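Data from my_file11.txt: compact mmCIF, C-alpha atoms and all ligand atoms
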```
# COMPACT_ATOMS: atom_id res chain seq x y z
CA MET A 173 12.63 225.11 81.26
CA SER A 174 13.19 223.54 77.87
CA GLN A 175 12.54 219.84 77.26
CA THR A 176 15.36 217.33 77.62
CA PRO A 177 17.11 216.99 74.22
CA THR A 178 16.75 213.66 72.41
CA ARG A 179 18.62 211.91 69.60
CA ALA A 180 15.83 213.01 67.23
CA ASP A 181 16.93 216.61 67.84
CA PHE A 182 20.22 215.79 66.15
CA ASP A 183 18.47 215.04 62.86
CA ARG A 184 16.25 218.04 63.30
CA TYR A 185 18.77 220.73 64.27
CA MET A 186 22.28 219.61 63.42
CA VAL A 187 24.10 219.70 60.08
CA PRO A 188 24.05 216.03 58.99
CA ASN A 189 27.83 215.53 58.72
CA TYR A 190 27.84 212.90 61.50
CA ALA A 191 25.67 209.90 62.32
CA PRO A 192 25.96 209.56 66.10
CA GLN A 193 24.87 206.43 67.97
CA LYS A 194 21.37 206.36 69.46
CA ALA A 195 22.42 206.60 73.11
CA ILE A 196 23.29 210.04 74.51
CA PRO A 197 25.89 209.84 77.29
CA VAL A 198 25.23 212.34 80.04
CA ARG A 199 27.84 211.57 82.70
CA GLY A 200 31.31 210.07 82.92
CA GLU A 201 33.68 209.04 85.66
CA GLY A 202 37.04 207.43 84.98
CA SER A 203 36.55 204.91 82.18
CA ARG A 204 32.80 204.52 82.68
CA LEU A 205 29.95 206.49 81.12
CA TRP A 206 26.19 206.58 81.66
CA ASP A 207 23.55 207.54 79.11
CA GLN A 208 20.16 209.27 79.48
CA GLU A 209 18.53 205.93 80.34
CA GLY A 210 21.09 205.17 83.04
CA CYS A 211 22.80 202.45 80.97
CA GLU A 212 26.48 202.11 81.82
CA TYR A 213 29.37 201.78 79.32
CA ILE A 214 33.07 201.08 79.55
CA ASP A 215 35.00 203.54 77.43
CA PHE A 216 37.67 202.08 75.13
CA ALA A 217 37.18 204.99 72.69
CA GLY A 218 38.31 207.84 74.90
CA GLY A 219 36.58 210.44 72.73
CA ILE A 220 38.86 209.33 69.84
CA ALA A 221 42.14 209.27 71.78
CA VAL A 222 41.30 212.52 73.61
CA ASN A 223 40.22 211.62 77.16
CA SER A 224 43.74 210.73 78.22
CA LEU A 225 42.83 210.62 81.93
CA GLY A 226 39.32 209.28 81.47
CA HIS A 227 36.27 211.36 82.36
CA CYS A 228 36.29 214.06 85.03
CA HIS A 229 39.70 213.12 86.44
CA PRO A 230 40.07 215.00 89.76
CA VAL A 231 43.39 216.57 88.70
CA LEU A 232 41.81 218.03 85.55
CA VAL A 233 38.59 219.06 87.32
CA GLU A 234 40.71 220.91 89.88
CA ALA A 235 42.78 222.67 87.19
CA LEU A 236 39.63 223.61 85.25
CA THR A 237 37.57 224.86 88.17
CA ALA A 238 40.46 226.76 89.79
CA GLN A 239 41.09 228.57 86.51
CA ALA A 240 37.36 228.99 85.82
CA SER A 241 36.93 231.22 88.84
CA ARG A 242 40.07 233.23 88.03
CA LEU A 243 40.31 234.11 84.32
CA TRP A 244 38.88 232.56 81.15
CA HIS A 245 40.00 234.56 78.18
CA LEU A 246 42.12 237.54 77.24
CA SER A 247 42.96 237.36 73.50
CA ASN A 248 46.53 237.57 72.27
CA VAL A 249 46.74 241.27 72.99
CA TYR A 250 47.84 240.00 76.43
CA THR A 251 49.70 236.91 77.45
CA ASN A 252 48.72 234.83 80.49
CA GLU A 253 50.29 232.60 83.11
CA PRO A 254 48.75 229.21 82.13
CA ALA A 255 49.77 229.59 78.46
CA LEU A 256 53.32 230.56 79.43
CA ALA A 257 53.56 227.66 81.88
CA LEU A 258 52.25 225.19 79.27
CA ALA A 259 54.69 226.43 76.62
CA ARG A 260 57.61 226.20 79.04
CA CYS A 261 56.52 222.71 80.11
CA LEU A 262 56.41 221.47 76.49
CA VAL A 263 59.78 223.05 75.62
CA GLU A 264 61.45 221.57 78.70
CA ARG A 265 60.15 218.07 77.91
CA THR A 266 60.77 217.92 74.12
CA PHE A 267 63.19 218.85 71.32
CA ALA A 268 61.34 222.12 70.77
CA ASP A 269 62.48 225.67 71.51
CA LYS A 270 59.18 227.41 70.75
CA VAL A 271 55.46 226.63 70.98
CA TYR A 272 52.40 227.99 69.15
CA LEU A 273 49.13 227.28 70.95
CA CYS A 274 45.78 226.80 69.23
CA SER A 275 42.54 224.91 69.79
CA SER A 276 42.63 221.71 67.69
CA GLY A 277 44.80 219.29 65.76
CA GLY A 278 43.76 220.65 62.41
CA GLU A 279 44.76 224.15 63.47
CA ALA A 280 48.12 222.92 64.76
CA ASN A 281 48.78 221.24 61.40
CA GLU A 282 47.59 224.28 59.46
CA ALA A 283 50.12 226.33 61.44
CA ALA A 284 52.85 223.74 60.83
CA LEU A 285 52.26 223.71 57.07
CA LYS A 286 52.11 227.49 56.82
CA LEU A 287 55.27 227.76 58.92
CA ALA A 288 57.12 225.30 56.66
CA ARG A 289 56.01 227.14 53.51
CA ARG A 290 56.99 230.50 54.97
CA TRP A 291 60.35 229.21 56.20
CA ALA A 292 61.23 227.85 52.77
CA HIS A 293 59.94 231.00 51.07
CA ASP A 294 62.03 233.30 53.21
CA ARG A 295 65.12 231.13 53.09
CA HIS A 296 65.10 229.88 49.49
CA GLY A 297 62.33 231.64 47.55
CA GLU A 298 58.89 230.99 46.09
CA HIS A 299 59.89 227.81 44.18
CA LYS A 300 60.59 225.81 47.34
CA HIS A 301 57.01 225.05 48.34
CA ARG A 302 56.42 221.35 47.62
CA ILE A 303 54.97 219.25 50.43
CA VAL A 304 55.37 215.48 50.58
CA SER A 305 52.73 213.56 52.49
CA PHE A 306 51.40 209.98 52.40
CA ALA A 307 48.49 207.99 51.08
CA GLN A 308 45.95 207.20 53.82
CA SER A 309 47.32 209.92 56.10
CA PHE A 310 45.00 212.21 58.05
CA HIS A 311 45.94 215.70 59.18
CA GLY A 312 42.66 217.49 59.89
CA ARG A 313 39.68 219.03 58.10
CA THR A 314 40.77 222.54 57.17
CA PHE A 315 41.13 222.80 53.40
CA PHE A 316 44.95 222.87 53.51
CA THR A 317 45.14 219.91 55.92
CA VAL A 318 42.65 217.73 54.01
CA SER A 319 44.60 218.46 50.86
CA VAL A 320 47.84 217.35 52.49
CA GLY A 321 46.00 214.35 53.96
CA GLY A 322 46.10 211.21 51.85
CA GLN A 323 42.37 210.44 51.67
CA PRO A 324 41.11 212.24 48.56
CA LYS A 325 37.46 211.74 49.52
CA TYR A 326 37.88 214.41 52.19
CA SER A 327 39.03 217.12 49.77
CA ALA A 328 36.84 216.17 46.77
CA GLY A 329 34.06 218.50 45.76
CA PHE A 330 35.32 221.63 47.46
CA GLY A 331 36.87 223.32 44.43
CA PRO A 332 40.52 223.69 43.45
CA VAL A 333 42.87 222.18 46.05
CA PRO A 334 46.05 224.03 47.05
CA GLY A 335 48.89 223.07 44.69
CA GLY A 336 52.34 221.69 45.33
CA ILE A 337 51.25 218.68 47.40
CA VAL A 338 52.34 215.12 46.52
CA HIS A 339 51.68 211.79 48.23
CA GLY A 340 54.08 208.90 48.67
CA GLU A 341 53.46 205.43 50.02
CA TYR A 342 53.72 205.08 53.81
CA ASN A 343 56.67 202.98 55.01
CA ASN A 344 58.14 203.03 51.48
CA LEU A 345 61.24 205.23 51.33
CA ASP A 346 61.75 204.63 47.60
CA SER A 347 58.40 206.29 46.94
CA VAL A 348 59.69 209.36 48.80
CA ARG A 349 63.01 209.37 46.92
CA ASP A 350 60.96 209.66 43.72
CA LEU A 351 59.00 212.66 45.03
CA ILE A 352 61.39 214.73 47.13
CA ASP A 353 63.70 217.33 45.55
CA ASP A 354 65.25 220.69 46.32
CA ASP A 355 61.86 222.36 45.80
CA THR A 356 60.41 220.35 48.69
CA CYS A 357 59.80 222.49 51.78
CA ALA A 358 58.46 219.77 54.08
CA VAL A 359 57.57 216.14 54.61
CA MET A 360 54.57 215.64 56.90
CA VAL A 361 54.05 212.23 58.51
CA GLU A 362 52.23 210.52 61.37
CA PRO A 363 54.58 208.23 63.37
CA ILE A 364 51.59 205.89 63.52
CA GLN A 365 48.90 206.41 60.89
CA GLY A 366 45.79 206.73 63.06
CA GLU A 367 42.70 207.27 60.93
CA GLY A 368 44.49 205.33 58.17
CA GLY A 369 44.24 202.08 60.18
CA ILE A 370 46.71 202.19 63.13
CA VAL A 371 49.80 201.55 61.00
CA PRO A 372 53.08 202.22 62.84
CA ALA A 373 55.99 203.61 60.86
CA THR A 374 59.07 201.43 60.78
CA PRO A 375 62.08 203.03 62.50
CA GLU A 376 64.01 202.84 59.20
CA PHE A 377 61.25 204.77 57.44
CA LEU A 378 61.28 207.70 59.89
CA GLN A 379 65.08 207.69 60.01
CA GLY A 380 65.19 207.66 56.20
CA LEU A 381 62.76 210.59 56.02
CA ARG A 382 65.00 212.52 58.39
CA GLU A 383 68.01 211.89 56.11
CA LEU A 384 66.12 212.77 52.92
CA CYS A 385 64.86 216.00 54.49
CA ASP A 386 68.38 216.93 55.57
CA ALA A 387 69.76 216.18 52.10
CA HIS A 388 67.21 218.51 50.48
CA ASP A 389 67.02 221.15 53.22
CA ALA A 390 63.36 220.30 53.83
CA LEU A 391 61.58 220.29 57.19
CA LEU A 392 60.37 217.10 58.80
CA ILE A 393 56.93 217.55 60.41
CA PHE A 394 55.61 214.86 62.75
CA ASP A 395 51.85 214.96 63.15
CA GLU A 396 51.54 213.59 66.69
CA VAL A 397 47.97 214.77 67.18
CA GLN A 398 46.85 211.17 67.79
CA THR A 399 50.14 209.62 69.00
CA GLY A 400 51.19 212.43 71.34
CA ALA A 401 50.83 213.39 74.99
CA GLY A 402 51.60 209.94 76.38
CA ARG A 403 49.38 207.89 74.07
CA THR A 404 52.20 205.59 72.87
CA GLY A 405 53.97 205.20 76.22
CA SER A 406 56.38 208.14 75.87
CA LEU A 407 55.38 211.81 75.98
CA TYR A 408 55.75 211.84 72.18
CA ALA A 409 56.27 208.88 69.87
CA TYR A 410 59.37 210.46 68.28
CA GLN A 411 61.18 209.93 71.58
CA GLN A 412 60.79 206.15 71.22
CA TYR A 413 61.71 206.16 67.54
CA GLY A 414 64.81 208.25 68.25
CA VAL A 415 64.11 210.47 65.23
CA THR A 416 63.67 214.17 65.90
CA PRO A 417 61.45 216.34 63.69
CA ASP A 418 61.77 220.08 63.04
CA ILE A 419 58.09 220.66 63.77
CA LEU A 420 55.68 218.54 65.82
CA THR A 421 51.95 218.95 66.28
CA SER A 422 49.92 217.86 69.29
CA ALA A 423 46.24 217.98 70.28
CA LYS A 424 43.74 215.22 71.27
CA SER A 425 45.25 213.67 74.48
CA LEU A 426 47.08 216.95 75.19
CA GLY A 427 44.00 218.51 76.77
CA GLY A 428 42.36 215.40 78.18
CA GLY A 429 39.06 216.71 76.77
CA ILE A 430 39.52 220.49 76.68
CA PRO A 431 39.92 221.78 73.10
CA VAL A 432 43.61 222.61 72.73
CA GLY A 433 46.37 222.15 70.18
CA ALA A 434 50.06 222.96 70.02
CA MET A 435 52.70 223.30 67.35
CA LEU A 436 56.24 222.76 68.58
CA ALA A 437 59.26 223.90 66.57
CA THR A 438 62.98 224.57 66.75
CA ASP A 439 64.24 228.14 67.02
CA ALA A 440 65.68 228.00 63.51
CA VAL A 441 62.21 227.44 62.05
CA ALA A 442 59.91 229.21 64.51
CA GLY A 443 61.55 232.57 63.93
CA VAL A 444 59.89 233.07 60.54
CA PHE A 445 56.51 233.48 62.22
CA THR A 446 57.01 237.15 62.96
CA LEU A 447 54.50 239.71 64.18
CA GLY A 448 51.19 239.23 62.38
CA THR A 449 52.12 236.23 60.19
CA HIS A 450 49.68 233.84 61.89
CA GLY A 451 47.25 233.79 64.80
CA SER A 452 44.09 232.55 66.51
CA THR A 453 41.66 234.27 68.87
CA TYR A 454 41.42 231.34 71.28
CA GLY A 455 44.97 229.98 70.97
CA GLY A 456 46.69 229.98 74.35
CA ASN A 457 43.40 230.63 76.13
CA PRO A 458 44.01 230.48 79.93
CA LEU A 459 41.25 227.93 80.60
CA ALA A 460 42.43 225.41 77.98
CA SER A 461 46.10 226.00 78.81
CA ALA A 462 45.59 225.39 82.54
CA VAL A 463 43.93 222.03 81.87
CA ALA A 464 46.53 220.95 79.28
CA LEU A 465 49.35 221.85 81.67
CA ALA A 466 47.81 219.72 84.40
CA ALA A 467 47.34 216.85 81.93
CA VAL A 468 50.94 216.91 80.66
CA GLU A 469 52.42 217.19 84.14
CA PHE A 470 50.32 214.25 85.29
CA ILE A 471 50.99 212.07 82.26
CA ASP A 472 54.70 212.71 81.74
CA THR A 473 55.90 210.71 84.73
CA PRO A 474 57.69 207.33 84.67
CA GLU A 475 54.77 205.65 86.52
CA VAL A 476 52.00 206.80 84.20
CA LEU A 477 54.02 206.13 81.03
CA ALA A 478 55.08 202.66 82.24
CA GLY A 479 51.42 202.03 83.02
CA VAL A 480 50.53 202.77 79.39
CA THR A 481 52.93 200.08 78.18
CA GLN A 482 51.65 197.56 80.78
CA ARG A 483 48.06 198.23 79.70
CA HIS A 484 49.10 197.76 76.08
CA ASP A 485 50.42 194.28 76.86
CA LEU A 486 47.29 193.40 78.83
CA ILE A 487 44.93 194.53 76.05
CA ARG A 488 46.98 192.74 73.43
CA GLU A 489 46.77 189.49 75.45
CA HIS A 490 43.00 189.86 75.72
CA LEU A 491 42.61 190.57 71.99
CA GLU A 492 44.77 187.57 71.12
CA ALA A 493 42.72 185.37 73.45
CA ILE A 494 39.50 186.56 71.79
CA ASN A 495 41.08 185.83 68.44
CA ARG A 496 42.18 182.30 69.36
CA LYS A 497 38.53 181.58 70.14
CA HIS A 498 36.81 183.41 67.30
CA GLY A 499 39.42 183.98 64.54
CA VAL A 500 38.12 187.42 63.54
CA PHE A 501 41.39 189.35 63.45
CA ARG A 502 44.27 189.14 61.00
CA GLU A 503 46.68 191.21 63.10
CA VAL A 504 46.85 193.24 66.31
CA ARG A 505 49.18 196.26 66.14
CA GLY A 506 49.94 199.71 67.52
CA MET A 507 51.87 201.22 70.41
CA GLY A 508 50.85 202.07 73.95
CA LEU A 509 47.12 202.72 74.16
CA LEU A 510 46.62 203.24 70.44
CA ILE A 511 45.79 199.72 69.34
CA GLY A 512 44.32 198.41 66.10
CA ALA A 513 42.97 194.94 65.32
CA GLU A 514 42.70 194.36 61.58
CA MET A 515 39.85 192.09 60.52
CA ALA A 516 40.57 188.64 59.07
CA PRO A 517 39.73 188.08 55.36
CA ASP A 518 36.39 186.40 56.21
CA TYR A 519 35.35 189.57 58.03
CA GLU A 520 36.79 192.06 55.51
CA GLY A 521 35.32 195.54 56.03
CA ARG A 522 33.23 194.46 59.03
CA ALA A 523 35.03 196.29 61.86
CA LYS A 524 32.22 198.85 61.90
CA ASP A 525 29.65 196.08 62.52
CA ILE A 526 31.29 195.38 65.88
CA LEU A 527 30.59 198.90 67.21
CA PRO A 528 26.78 198.73 67.63
CA LEU A 529 27.05 195.19 69.05
CA ALA A 530 29.71 196.36 71.52
CA LEU A 531 27.53 199.28 72.51
CA GLU A 532 24.63 196.91 73.24
CA GLU A 533 27.04 194.94 75.45
CA GLY A 534 28.04 198.16 77.24
CA LEU A 535 31.33 198.98 75.51
CA MET A 536 32.41 201.99 73.50
CA ALA A 537 35.06 201.23 70.88
CA LEU A 538 36.24 202.81 67.62
CA ILE A 539 37.22 201.89 64.11
CA ALA A 540 40.08 203.22 61.98
CA GLY A 541 38.79 202.78 58.45
CA PRO A 542 36.34 199.99 57.60
CA ASN A 543 38.68 197.11 58.41
CA VAL A 544 40.34 197.97 61.72
CA LEU A 545 38.87 197.92 65.22
CA ARG A 546 40.61 200.70 67.16
CA LEU A 547 41.00 201.01 70.94
CA ALA A 548 42.22 204.27 72.51
CA PRO A 549 41.18 204.16 76.16
CA SER A 550 42.26 206.39 79.01
CA LEU A 551 45.98 206.14 79.81
CA VAL A 552 45.04 205.34 83.41
CA ILE A 553 42.13 202.95 82.79
CA PRO A 554 41.89 200.54 85.75
CA GLU A 555 42.82 196.91 85.01
CA ALA A 556 39.37 195.80 86.22
CA ASP A 557 37.76 198.01 83.57
CA ILE A 558 40.03 196.52 80.91
CA ALA A 559 39.01 192.99 81.95
CA GLU A 560 35.29 193.83 82.05
CA GLY A 561 35.49 195.78 78.76
CA MET A 562 37.23 192.86 77.09
CA ALA A 563 34.54 190.45 78.32
CA ARG A 564 31.96 192.75 76.74
CA LEU A 565 34.00 192.96 73.53
CA GLU A 566 34.18 189.20 73.37
CA ARG A 567 30.38 188.93 73.64
CA ALA A 568 30.06 191.44 70.77
CA VAL A 569 32.58 189.51 68.65
CA ALA A 570 30.78 186.22 69.39
CA ARG A 571 27.54 187.78 68.13
CA LEU A 572 29.29 188.98 64.94
CA VAL A 573 30.62 185.45 64.36
CA ALA A 574 27.25 183.83 65.10
CA ALA A 575 25.49 186.10 62.59
CA GLN A 576 28.09 185.41 59.85
C1 LIG A 601 42.44 213.87 64.82
C2 LIG A 601 43.64 214.17 64.01
C3 LIG A 601 43.83 215.42 63.42
C4 LIG A 601 42.77 216.51 63.48
O1 LIG A 601 42.56 216.99 64.75
P1 LIG A 601 41.26 217.89 65.05
O2 LIG A 601 41.41 218.26 66.49
O3 LIG A 601 40.07 217.06 64.74
O4 LIG A 601 41.34 219.08 64.14
C5 LIG A 601 45.02 215.66 62.75
N1 LIG A 601 45.96 214.71 62.65
C6 LIG A 601 45.82 213.50 63.20
C7 LIG A 601 46.93 212.50 63.08
C8 LIG A 601 44.65 213.16 63.88
O5 LIG A 601 44.49 211.94 64.40
```
Take the structure I supplied and represent it as C-alpha cells, if you would.
Ligand SMILES: *Cc1c(COP(=O)(O)O)cnc(C)c1O
Amino acid sequence: MSQTPTRADFDRYMVPNYAPQKAIPVRGEGSRLWDQEGCEYIDFAGGIAVNSLGHCHPVLVEALTAQASRLWHLSNVYTNEPALALARCLVERTFADKVYLCSSGGEANEAALKLARRWAHDRHGEHKHRIVSFAQSFHGRTFFTVSVGGQPKYSAGFGPVPGGIVHGEYNNLDSVRDLIDDDTCAVMVEPIQGEGGIVPATPEFLQGLRELCDAHDALLIFDEVQTGAGRTGSLYAYQQYGVTPDILTSAKSLGGGIPVGAMLATDAVAGVFTLGTHGSTYGGNPLASAVALAAVEFIDTPEVLAGVTQRHDLIREHLEAINRKHGVFREVRGMGLLIGAEMAPDYEGRAKDILPLALEEGLMALIAGPNVLRLAPSLVIPEADIAEGMARLERAVARLVAAQ
C-alpha cells in the first residue's frame, strides 16, 4: 500500500494554483469535520456554499449509493431517468421551460453566454452580441466567463480576451443605461455578488435591469451559482426579488457536494440550442443527477427554507454580539445562509487573517475578497453547532484584536 498523503505532497505534485490550509480533513458528518490528526472543526464554509446539507447527509448518501450500484454514466447518446427527473423537478419549481445539465457553475455560465449570443445572432444578426456585466462580478474560470466577470486579474495574461463585453457598476442603473443598446444581447448579473464581497442587489436594480433588457430586446441572465438551490431562503433568489430572468444558472448548493451544474431557460430562448450546437460528456450524468434531485427535493420545502431564514437571523445576532464586544466589523449583510461581515476601517483588508486563527479554534470560515468574512454553512446546520461555531469565531476575533 502507498503511504498516507501529506500536505507536503500538495507542493510536490499539484499545480500551485491554490494554497490550501495545513490540515487535511478526512471525514465529515453534518456540520463537523475531522482532520488526519483527529482534530474536529465546525464547518461555516460549506465547501464554498456547496455542502447545502452538510457532510454525508443520509438522504444524499442514499441517493448516491442507490444510483452507484445501478448506473453511473451513459453519455448523451442516451438519456437517463435521473437527469430527466432532475430537469422536470427544476422546470416545475421555477420560471424555466427547459434545462441544460452540466458539471459546474462555470460550465453553466459558459452555456448561458453562448446561448444568449446564439439567440441574438439567429434573431437579429451578428451585430447584436454585446454583453453587459458588472465590476467585481464572478462567473467562473473558463476564458469566456472570466472575461465576462468583473475582476480583470482573472483574465489578465491569457492573451486576447473575447470582444464585445462591457462592465457597469453594480447597483447603479445609470451605469447600465450608458452601456446598453440595441446591439446588447444579454445582461449577466448575480442577485448577490458572492466572490465580490457578499453584496446584495437592490430590488430596484434588478427590476431596472429587467426593464432595460426588455426595452432593448436583450436577455437577462441571473447567475445563481452561489445564491441558488435554497441558499438565500427561497429555491432561487429571483423568487424573493420578484424579478424573473430569461436564463438562470445554478451549481454549488445544487448538488450538495456532487459536481453538477444547470442552465435554466425559457422556451423562447432555449430553442436556439439545436442539435449539435453545444454539449458536455458528463452533463446530465445519472450519478450527479440522482444526488442533485435528492438535494433539491429535500431543500425546496417550506420547513427547510424557513429554517434557512431562522438560521440567518441567529447568525446575524451572534455576529452583532461579537461586534459589540470587539468592534471589528463595519457591516453584516447577505441573505439566508450567504452572510458577509465587512471589516471595520481599523481592520481594513484583514478578513483573511481571521481564517487561520479560526481554524486553530476549530472553525472553518471563508472570505469574499480581502475585506469580507463570509459564512456559507449547511442549510440544515444544527443550532448547537451555530452557537459553538460562533464561540470559536469570537475567540479567533479576540485574538485578532489582541494582536492589533
Ligand atoms: C462559484 C461561482 C461560479 C463558478 O462555479 P464553478 O463551479 O467553480 O465553475 C460562477 N458564478 C458564481 C456566482 C459563483 O459563485
Using all atoms listed in the file, find each residue with an atom at most 6 Å away from ligand LIG 601 (chain A) and format the answer as an MDAnalysis selection string. chainID A and resid 276:278 310:312 362 366 395:398
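Here atom CA of Ala548 of chain A stands at a distance of 6.6 Å from atom CA of Ile220 of chain A.
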Proximity check segment 382-438 of chain A to segment 454-463 of chain A, 7 Å, nearest pairs one decimal Å, all atoms listed in the file, as a Markdown table:
```
| residue | atom | partner | partner_atom | distance |
| --- | --- | --- | --- | --- |
| A:Gly427 | CA | A:Val463 | CA | 6.2 |
| A:Ile430 | CA | A:Ala460 | CA | 5.9 |
| A:Pro431 | CA | A:Ala460 | CA | 6.6 |
| A:Val432 | CA | A:Ala460 | CA | 6.1 |
```
Name the residues, using the chain letters and numbers of the file, that sit within 12 Å of (58.9, 218.8, 75.0) when counting only C-alpha atoms, and give them as a compact mmCIF listing (two decimals) with C-alpha atoms, in the coordinates of the input.
```
# COMPACT_ATOMS: atom_id res chain seq x y z
CA LEU A 258 52.25 225.19 79.27
CA ALA A 259 54.69 226.43 76.62
CA ARG A 260 57.61 226.20 79.04
CA CYS A 261 56.52 222.71 80.11
CA LEU A 262 56.41 221.47 76.49
CA VAL A 263 59.78 223.05 75.62
CA GLU A 264 61.45 221.57 78.70
CA ARG A 265 60.15 218.07 77.91
CA THR A 266 60.77 217.92 74.12
CA PHE A 267 63.19 218.85 71.32
CA ALA A 268 61.34 222.12 70.77
CA ASP A 269 62.48 225.67 71.51
CA LYS A 270 59.18 227.41 70.75
CA VAL A 271 55.46 226.63 70.98
CA GLY A 400 51.19 212.43 71.34
CA ALA A 401 50.83 213.39 74.99
CA GLY A 402 51.60 209.94 76.38
CA SER A 406 56.38 208.14 75.87
CA LEU A 407 55.38 211.81 75.98
CA TYR A 408 55.75 211.84 72.18
CA ALA A 409 56.27 208.88 69.87
CA TYR A 410 59.37 210.46 68.28
CA GLN A 411 61.18 209.93 71.58
CA THR A 416 63.67 214.17 65.90
CA PRO A 417 61.45 216.34 63.69
CA ILE A 419 58.09 220.66 63.77
CA LEU A 420 55.68 218.54 65.82
CA THR A 421 51.95 218.95 66.28
CA SER A 422 49.92 217.86 69.29
CA LEU A 426 47.08 216.95 75.19
CA ALA A 434 50.06 222.96 70.02
CA MET A 435 52.70 223.30 67.35
CA LEU A 436 56.24 222.76 68.58
CA ALA A 437 59.26 223.90 66.57
CA THR A 438 62.98 224.57 66.75
CA VAL A 468 50.94 216.91 80.66
CA GLU A 469 52.42 217.19 84.14
CA ASP A 472 54.70 212.71 81.74
```
| message | Using Å and a single decimal, report how far atom CA of Ala568 of chain A sits from atom CA of Gly512 of chain A. | response |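 Those two atoms sit 16.5 Å apart.
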